[in-house]
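Undergrad: Have a look at the structure that comes next, please.
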Amino acid sequence: QPATTWALDTWGENMVGCTVDDGRIYEWALATGTPAAVVSNAPVSNRSILVTEERFLFALGAGGNPRLVQWSDREDNTAWTPAATNEAGDLELNTSGQIMAGVNVRGQALILTSTDAHAASYSGPPYGYGIERVGSSCGLAAEKAVAVVDAGAFWMGTHAFYGYAGGAVQELPSEVSDYVFSDINRGQVSKTFAVVNSSFGEVFWFYP
């Protein structure tokens with residue numbers, strides 16, 4: 001079974017989170033005596049979450065559909081049913097993979113699946129977001145194997161490293177790729193994670 005990981009983000013001052021094992025979206029209001037509570041009306045059986053720069057809450061792999069992206073109304077994470085009076089909506093990715101994670105990069109929401117990468121751009125009402133594929137055969141190896149820096153997003157795939165800074169995904173040249181991908185324990189690959197060392201402009205990947 002894959003390792004349990006949490007997708008965490010901020011909703012204003014509050015924290016929101018989701019784990020694929022549970023699938024529900026939780027919000028914590030920074031009150032140490034009050035535990036996190038399930039977000040009202042939000043979809044369940046989700047794979048991950050993301051709060052966009054435009055202040056929409058994305059449910060990734062929403063409702064048990066591993067390719068569905070569903071978002072709440074702007075500034076209201078309890079309104080998920082599309083209506084003429086809100087901007088809630090959903091789109092299904094054109095992919096054979098399943099959504100792994102989402103990050104904000106350069107004014108877009110980058111959604112990484114097990115096989116490819118998609119960029120969601122806000123177009124305003126009534127459509128909300130448009131999503132296009134920006135990379136193929138560049139799937140994310142593990143939910144936490146992606147890092148974001150000023151230059152863009154960088155992640156570990158199943159056989160190479162990749163980067164996205166707008167436009168299209170690029171494979172990163174690496175002198176250690178052959179060693180890493182022949183050495184990695186693929187039965188434990190879900191424990192792989194990335195961290196940013198901003199002092200030296202570096203991204204580290206820790207893998208089993």
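The chains in the structure tokens are called A, B, ... from first to last as shown; in each chain the residues are counted from 1, and the ligands are counted from 1 in the order shown.
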Which residues are near Asn94 of chain A? Cut-off 10 Å, only C-alpha atoms, ignore same chain within fewer than 4 positions. Put them as a PDB file with all heavy atoms, in the first residue's frame.

TA:
```
ATOM      1  N   ARG A  67      -9.528  11.533 -12.203  1.00  0.00           N
ATOM      2  CA  ARG A  67      -9.171  12.533 -13.215  1.00  0.00           C
ATOM      3  C   ARG A  67      -9.979  13.822 -13.078  1.00  0.00           C
ATOM      4  O   ARG A  67      -9.792  14.753 -13.862  1.00  0.00           O
ATOM      5  CB  ARG A  67      -9.377  11.951 -14.620  1.00  0.00           C
ATOM      6  CG  ARG A  67      -8.427  10.816 -14.944  1.00  0.00           C
ATOM      7  CD  ARG A  67      -8.720  10.179 -16.277  1.00  0.00           C
ATOM      8  NE  ARG A  67      -9.981   9.435 -16.246  1.00  0.00           N
ATOM      9  CZ  ARG A  67     -10.088   8.189 -15.786  1.00  0.00           C
ATOM     10  NH1 ARG A  67      -9.030   7.567 -15.298  1.00  0.00           N
ATOM     11  NH2 ARG A  67     -11.249   7.562 -15.805  1.00  0.00           N
ATOM     12  N   LEU A  68     -10.870  13.911 -12.081  1.00  0.00           N
ATOM     13  CA  LEU A  68     -11.766  15.049 -11.969  1.00  0.00           C
ATOM     14  C   LEU A  68     -11.186  16.144 -11.073  1.00  0.00           C
ATOM     15  O   LEU A  68     -10.726  15.884  -9.967  1.00  0.00           O
ATOM     16  CB  LEU A  68     -13.114  14.613 -11.405  1.00  0.00           C
ATOM     17  CG  LEU A  68     -14.202  15.707 -11.307  1.00  0.00           C
ATOM     18  CD1 LEU A  68     -14.583  16.203 -12.701  1.00  0.00           C
ATOM     19  CD2 LEU A  68     -15.423  15.180 -10.565  1.00  0.00           C
ATOM     20  N   ASP A 116       1.194  12.468 -16.760  1.00  0.00           N
ATOM     21  CA  ASP A 116       1.403  13.716 -17.486  1.00  0.00           C
ATOM     22  C   ASP A 116       1.184  14.927 -16.586  1.00  0.00           C
ATOM     23  O   ASP A 116       1.007  14.783 -15.370  1.00  0.00           O
ATOM     24  CB  ASP A 116       0.511  13.781 -18.727  1.00  0.00           C
ATOM     25  CG  ASP A 116      -0.956  13.437 -18.442  1.00  0.00           C
ATOM     26  OD1 ASP A 116      -1.362  13.508 -17.264  1.00  0.00           O
ATOM     27  OD2 ASP A 116      -1.694  13.093 -19.387  1.00  0.00           O
ATOM     28  N   HIS A 118      -0.756  19.021 -16.342  1.00  0.00           N
ATOM     29  CA  HIS A 118      -1.795  19.898 -16.864  1.00  0.00           C
ATOM     30  C   HIS A 118      -1.734  21.234 -16.129  1.00  0.00           C
ATOM     31  O   HIS A 118      -1.478  21.279 -14.922  1.00  0.00           O
ATOM     32  CB  HIS A 118      -3.177  19.275 -16.667  1.00  0.00           C
ATOM     33  CG  HIS A 118      -3.319  17.921 -17.299  1.00  0.00           C
ATOM     34  ND1 HIS A 118      -4.030  17.704 -18.456  1.00  0.00           N
ATOM     35  CD2 HIS A 118      -2.817  16.718 -16.930  1.00  0.00           C
ATOM     36  CE1 HIS A 118      -3.978  16.429 -18.775  1.00  0.00           C
ATOM     37  NE2 HIS A 118      -3.245  15.805 -17.865  1.00  0.00           N
ATOM     38  N   ILE A 131      -8.261  24.135 -18.577  1.00  0.00           N
ATOM     39  CA  ILE A 131      -7.140  23.247 -18.277  1.00  0.00           C
ATOM     40  C   ILE A 131      -6.583  22.681 -19.574  1.00  0.00           C
ATOM     41  O   ILE A 131      -7.334  22.197 -20.422  1.00  0.00           O
ATOM     42  CB  ILE A 131      -7.573  22.104 -17.337  1.00  0.00           C
ATOM     43  CG1 ILE A 131      -8.118  22.667 -16.012  1.00  0.00           C
ATOM     44  CG2 ILE A 131      -6.394  21.166 -17.051  1.00  0.00           C
ATOM     45  CD1 ILE A 131      -8.600  21.611 -15.042  1.00  0.00           C
ATOM     46  N   GLU A 132      -5.262  22.749 -19.736  1.00  0.00           N
ATOM     47  CA  GLU A 132      -4.612  22.174 -20.906  1.00  0.00           C
ATOM     48  C   GLU A 132      -3.423  21.314 -20.485  1.00  0.00           C
ATOM     49  O   GLU A 132      -2.771  21.589 -19.473  1.00  0.00           O
ATOM     50  CB  GLU A 132      -4.131  23.267 -21.862  1.00  0.00           C
ATOM     51  CG  GLU A 132      -3.057  24.182 -21.290  1.00  0.00           C
ATOM     52  CD  GLU A 132      -2.517  25.160 -22.316  1.00  0.00           C
ATOM     53  OE1 GLU A 132      -2.631  24.861 -23.530  1.00  0.00           O
ATOM     54  OE2 GLU A 132      -1.968  26.193 -21.916  1.00  0.00           O
ATOM     55  N   ARG A 133      -3.170  20.281 -21.268  1.00  0.00           N
ATOM     56  CA  ARG A 133      -2.017  19.429 -20.992  1.00  0.00           C
ATOM     57  C   ARG A 133      -0.755  20.163 -21.434  1.00  0.00           C
ATOM     58  O   ARG A 133      -0.682  20.689 -22.543  1.00  0.00           O
ATOM     59  CB  ARG A 133      -2.151  18.101 -21.736  1.00  0.00           C
ATOM     60  CG  ARG A 133      -0.971  17.147 -21.441  1.00  0.00           C
ATOM     61  CD  ARG A 133      -1.013  15.900 -22.297  1.00  0.00           C
ATOM     62  NE  ARG A 133      -2.132  15.065 -21.917  1.00  0.00           N
ATOM     63  CZ  ARG A 133      -2.911  14.437 -22.788  1.00  0.00           C
ATOM     64  NH1 ARG A 133      -2.728  14.617 -24.090  1.00  0.00           N
ATOM     65  NH2 ARG A 133      -3.890  13.660 -22.384  1.00  0.00           N
TER      66      ARG A 133
END
```

Undergrad: Per residue of segment 9-110 of chain A within 12 Å of segment 149-158 of chain A, note the shortest atom pair and the distance in Å to one decimal, counting only C-alpha atoms, and order the rows by chain and increasing residue number, as a tab-separated table.

TA:
```
residue	atom	partner	partner_atom	distance
A:Met100	CA	A:Gly157	CA	11.4
A:Ala101	CA	A:Trp155	CA	10.8
A:Gly102	CA	A:Ala153	CA	10.3
A:Val103	CA	A:Ala153	CA	7.9
A:Asn104	CA	A:Ala153	CA	8.4
A:Val105	CA	A:Gly152	CA	5.7
A:Arg106	CA	A:Gly152	CA	6.8
A:Gly107	CA	A:Gly152	CA	10.4
A:Gln108	CA	A:Gly152	CA	10.4
A:Ala109	CA	A:Ala153	CA	10.6
A:Leu110	CA	A:Ala153	CA	8.4
```

Undergrad: In Å, with one decimal, what is the gap from atom CA of Gly89 of chain A to atom CA of Trp11 of chain A?

TA: 18.5 Å

Undergrad: List the neighbours of Gln70 of chain A out to 9 Å using only C-alpha atoms; skip same-chain residues closer than 5 positions along the sequence, and give me the result as a ChimeraX atom specification.

TA: /A:43,57-63,80,88-92

Undergrad: Can you pull out every residue from segment 4-142 of chain A that DSSP, working from the backbone, puts in strand (DSSP E or B), and format the result as a PyMOL selection string?

TA: chain A and resi 6-11+14-19+26-28+37-38+48-51+57-60+68-71+73+76+89-92+99-105+108-113+116-124+128-136

Undergrad: Given only C-alpha atoms as the basis, pick out the residue of A:Thr5, A:Ser96, A:Asn46, A:Thr52 nearest to Thr115 of chain A.

TA: A:Ser96

Undergrad: Enter the distance from atom CA of Leu50 of chain A to atom CA of Thr95 of chain A, in Å, rounded to one decimal.

TA: 19.1 Å

Undergrad: Set the distance at 12 Å and use only C-alpha atoms: which residues neighbour Lys191 of chain A once local chain neighbours fewer than 3 positions away are removed? I'd like the list as an MDAnalysis selection string.

TA: chainID A and resid 1:6 141:145 184:188 194 205:208

Undergrad: Limited to N, CA, C and O atoms, could you put the picked residues into a file as a PDB file, in the first residue's frame?

TA:
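Once everything was written out, this is again-v4.pdb:
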```pdb
ATOM      1  N   GLN A   1       0.836  -1.193   0.000  1.00  0.00           N
ATOM      2  CA  GLN A   1       0.000   0.000   0.000  1.00  0.00           C
ATOM      3  C   GLN A   1       0.878   1.252   0.000  1.00  0.00           C
ATOM      4  O   GLN A   1       1.912   1.288   0.638  1.00  0.00           O
ATOM      5  N   PRO A   2       0.455   2.301  -0.721  1.00  0.00           N
ATOM      6  CA  PRO A   2       1.232   3.543  -0.719  1.00  0.00           C
ATOM      7  C   PRO A   2       1.278   4.165   0.676  1.00  0.00           C
ATOM      8  O   PRO A   2       0.360   4.000   1.478  1.00  0.00           O
ATOM      9  N   ALA A   3       2.355   4.906   0.939  1.00  0.00           N
ATOM     10  CA  ALA A   3       2.473   5.615   2.207  1.00  0.00           C
ATOM     11  C   ALA A   3       1.381   6.685   2.309  1.00  0.00           C
ATOM     12  O   ALA A   3       0.978   7.275   1.309  1.00  0.00           O
ATOM     13  N   THR A   4       0.900   6.915   3.529  1.00  0.00           N
ATOM     14  CA  THR A   4      -0.095   7.951   3.756  1.00  0.00           C
ATOM     15  C   THR A   4       0.582   9.319   3.755  1.00  0.00           C
ATOM     16  O   THR A   4       1.516   9.556   4.520  1.00  0.00           O
ATOM     17  N   THR A   5       0.125  10.217   2.899  1.00  0.00           N
ATOM     18  CA  THR A   5       0.649  11.579   2.859  1.00  0.00           C
ATOM     19  C   THR A   5      -0.523  12.555   2.880  1.00  0.00           C
ATOM     20  O   THR A   5      -1.619  12.235   2.424  1.00  0.00           O
ATOM     21  N   TRP A   6      -0.271  13.744   3.414  1.00  0.00           N
ATOM     22  CA  TRP A   6      -1.285  14.798   3.472  1.00  0.00           C
ATOM     23  C   TRP A   6      -0.949  15.892   2.480  1.00  0.00           C
ATOM     24  O   TRP A   6       0.200  16.303   2.360  1.00  0.00           O
ATOM     25  N   ALA A 141       6.280  10.764  -9.590  1.00  0.00           N
ATOM     26  CA  ALA A 141       6.580   9.468  -8.981  1.00  0.00           C
ATOM     27  C   ALA A 141       5.851   9.258  -7.667  1.00  0.00           C
ATOM     28  O   ALA A 141       5.458   8.138  -7.335  1.00  0.00           O
ATOM     29  N   ALA A 142       5.678  10.319  -6.879  1.00  0.00           N
ATOM     30  CA  ALA A 142       5.042  10.224  -5.569  1.00  0.00           C
ATOM     31  C   ALA A 142       4.411  11.567  -5.232  1.00  0.00           C
ATOM     32  O   ALA A 142       4.866  12.612  -5.725  1.00  0.00           O
ATOM     33  N   GLU A 143       3.398  11.565  -4.381  1.00  0.00           N
ATOM     34  CA  GLU A 143       2.632  12.779  -4.096  1.00  0.00           C
ATOM     35  C   GLU A 143       3.491  13.929  -3.598  1.00  0.00           C
ATOM     36  O   GLU A 143       3.224  15.095  -3.881  1.00  0.00           O
ATOM     37  N   LYS A 144       4.579  13.632  -2.864  1.00  0.00           N
ATOM     38  CA  LYS A 144       5.415  14.684  -2.276  1.00  0.00           C
ATOM     39  C   LYS A 144       6.724  14.882  -3.024  1.00  0.00           C
ATOM     40  O   LYS A 144       7.628  15.549  -2.514  1.00  0.00           O
ATOM     41  N   ALA A 145       6.827  14.362  -4.232  1.00  0.00           N
ATOM     42  CA  ALA A 145       8.086  14.443  -4.979  1.00  0.00           C
ATOM     43  C   ALA A 145       8.161  15.675  -5.862  1.00  0.00           C
ATOM     44  O   ALA A 145       8.916  15.702  -6.831  1.00  0.00           O
ATOM     45  N   ILE A 184      16.601   3.195  -6.903  1.00  0.00           N
ATOM     46  CA  ILE A 184      15.403   3.465  -6.116  1.00  0.00           C
ATOM     47  C   ILE A 184      14.610   2.185  -5.854  1.00  0.00           C
ATOM     48  O   ILE A 184      14.547   1.281  -6.696  1.00  0.00           O
ATOM     49  N   ASN A 185      14.031   2.095  -4.669  1.00  0.00           N
ATOM     50  CA  ASN A 185      13.165   0.963  -4.298  1.00  0.00           C
ATOM     51  C   ASN A 185      11.751   1.301  -4.768  1.00  0.00           C
ATOM     52  O   ASN A 185      11.033   2.046  -4.113  1.00  0.00           O
ATOM     53  N   ARG A 186      11.352   0.761  -5.893  1.00  0.00           N
ATOM     54  CA  ARG A 186      10.065   1.136  -6.485  1.00  0.00           C
ATOM     55  C   ARG A 186       8.886   0.636  -5.667  1.00  0.00           C
ATOM     56  O   ARG A 186       7.788   1.179  -5.762  1.00  0.00           O
ATOM     57  N   GLY A 187       9.090  -0.359  -4.840  1.00  0.00           N
ATOM     58  CA  GLY A 187       8.016  -0.805  -3.963  1.00  0.00           C
ATOM     59  C   GLY A 187       7.728   0.181  -2.839  1.00  0.00           C
ATOM     60  O   GLY A 187       6.666   0.128  -2.223  1.00  0.00           O
ATOM     61  N   GLN A 188       8.671   1.099  -2.583  1.00  0.00           N
ATOM     62  CA  GLN A 188       8.520   2.101  -1.528  1.00  0.00           C
ATOM     63  C   GLN A 188       8.576   3.527  -2.096  1.00  0.00           C
ATOM     64  O   GLN A 188       8.792   4.485  -1.348  1.00  0.00           O
ATOM     65  N   ALA A 194      10.367  15.858  -1.918  1.00  0.00           N
ATOM     66  CA  ALA A 194      11.271  16.924  -2.350  1.00  0.00           C
ATOM     67  C   ALA A 194      11.269  18.055  -1.332  1.00  0.00           C
ATOM     68  O   ALA A 194      10.242  18.337  -0.708  1.00  0.00           O
ATOM     69  N   TRP A 205      15.882  15.686  -3.449  1.00  0.00           N
ATOM     70  CA  TRP A 205      14.895  14.589  -3.387  1.00  0.00           C
ATOM     71  C   TRP A 205      15.443  13.510  -2.473  1.00  0.00           C
ATOM     72  O   TRP A 205      16.587  13.094  -2.598  1.00  0.00           O
ATOM     73  N   PHE A 206      14.605  13.088  -1.542  1.00  0.00           N
ATOM     74  CA  PHE A 206      14.934  11.968  -0.667  1.00  0.00           C
ATOM     75  C   PHE A 206      14.079  10.776  -1.090  1.00  0.00           C
ATOM     76  O   PHE A 206      12.867  10.909  -1.212  1.00  0.00           O
ATOM     77  N   TYR A 207      14.722   9.664  -1.336  1.00  0.00           N
ATOM     78  CA  TYR A 207      14.000   8.497  -1.852  1.00  0.00           C
ATOM     79  C   TYR A 207      14.529   7.217  -1.203  1.00  0.00           C
ATOM     80  O   TYR A 207      15.673   7.165  -0.761  1.00  0.00           O
ATOM     81  N   PRO A 208      13.689   6.196  -1.144  1.00  0.00           N
ATOM     82  CA  PRO A 208      14.144   4.932  -0.568  1.00  0.00           C
ATOM     83  C   PRO A 208      14.967   4.116  -1.586  1.00  0.00           C
ATOM     84  O   PRO A 208      14.614   4.052  -2.755  1.00  0.00           O
TER      85      PRO A 208
END
```

Undergrad: Please return as a list of chain:residue names: the residues of segment 102-205 of chain A that backbone DSSP assigns to alpha helix (DSSP H).

TA: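 Checking each residue of segment 102-205 of chain A, the alpha helix (DSSP H) ones are A:Ser177, A:Asp178, A:Tyr179, A:Val180, A:Phe181, A:Ser182, A:Asp183.
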
Undergrad: Which residues are near Pro173 of chain A? Cut-off 9 Å, only C-alpha atoms, ignore same chain within fewer than 2 positions. Put them as a PDB file with C-alpha atoms, in the first residue's frame.

TA:
```pdb
ATOM      1  CA  ALA A 160      13.653  11.238 -15.063  1.00  0.00           C
ATOM      2  CA  PHE A 161      13.459  14.678 -13.436  1.00  0.00           C
ATOM      3  CA  TYR A 162      11.223  17.400 -14.896  1.00  0.00           C
ATOM      4  CA  GLU A 171      13.093  17.071 -18.873  1.00  0.00           C
ATOM      5  CA  GLU A 175      24.309  13.199 -14.389  1.00  0.00           C
ATOM      6  CA  SER A 177      19.573   9.988 -13.246  1.00  0.00           C
TER       7      SER A 177
END
```
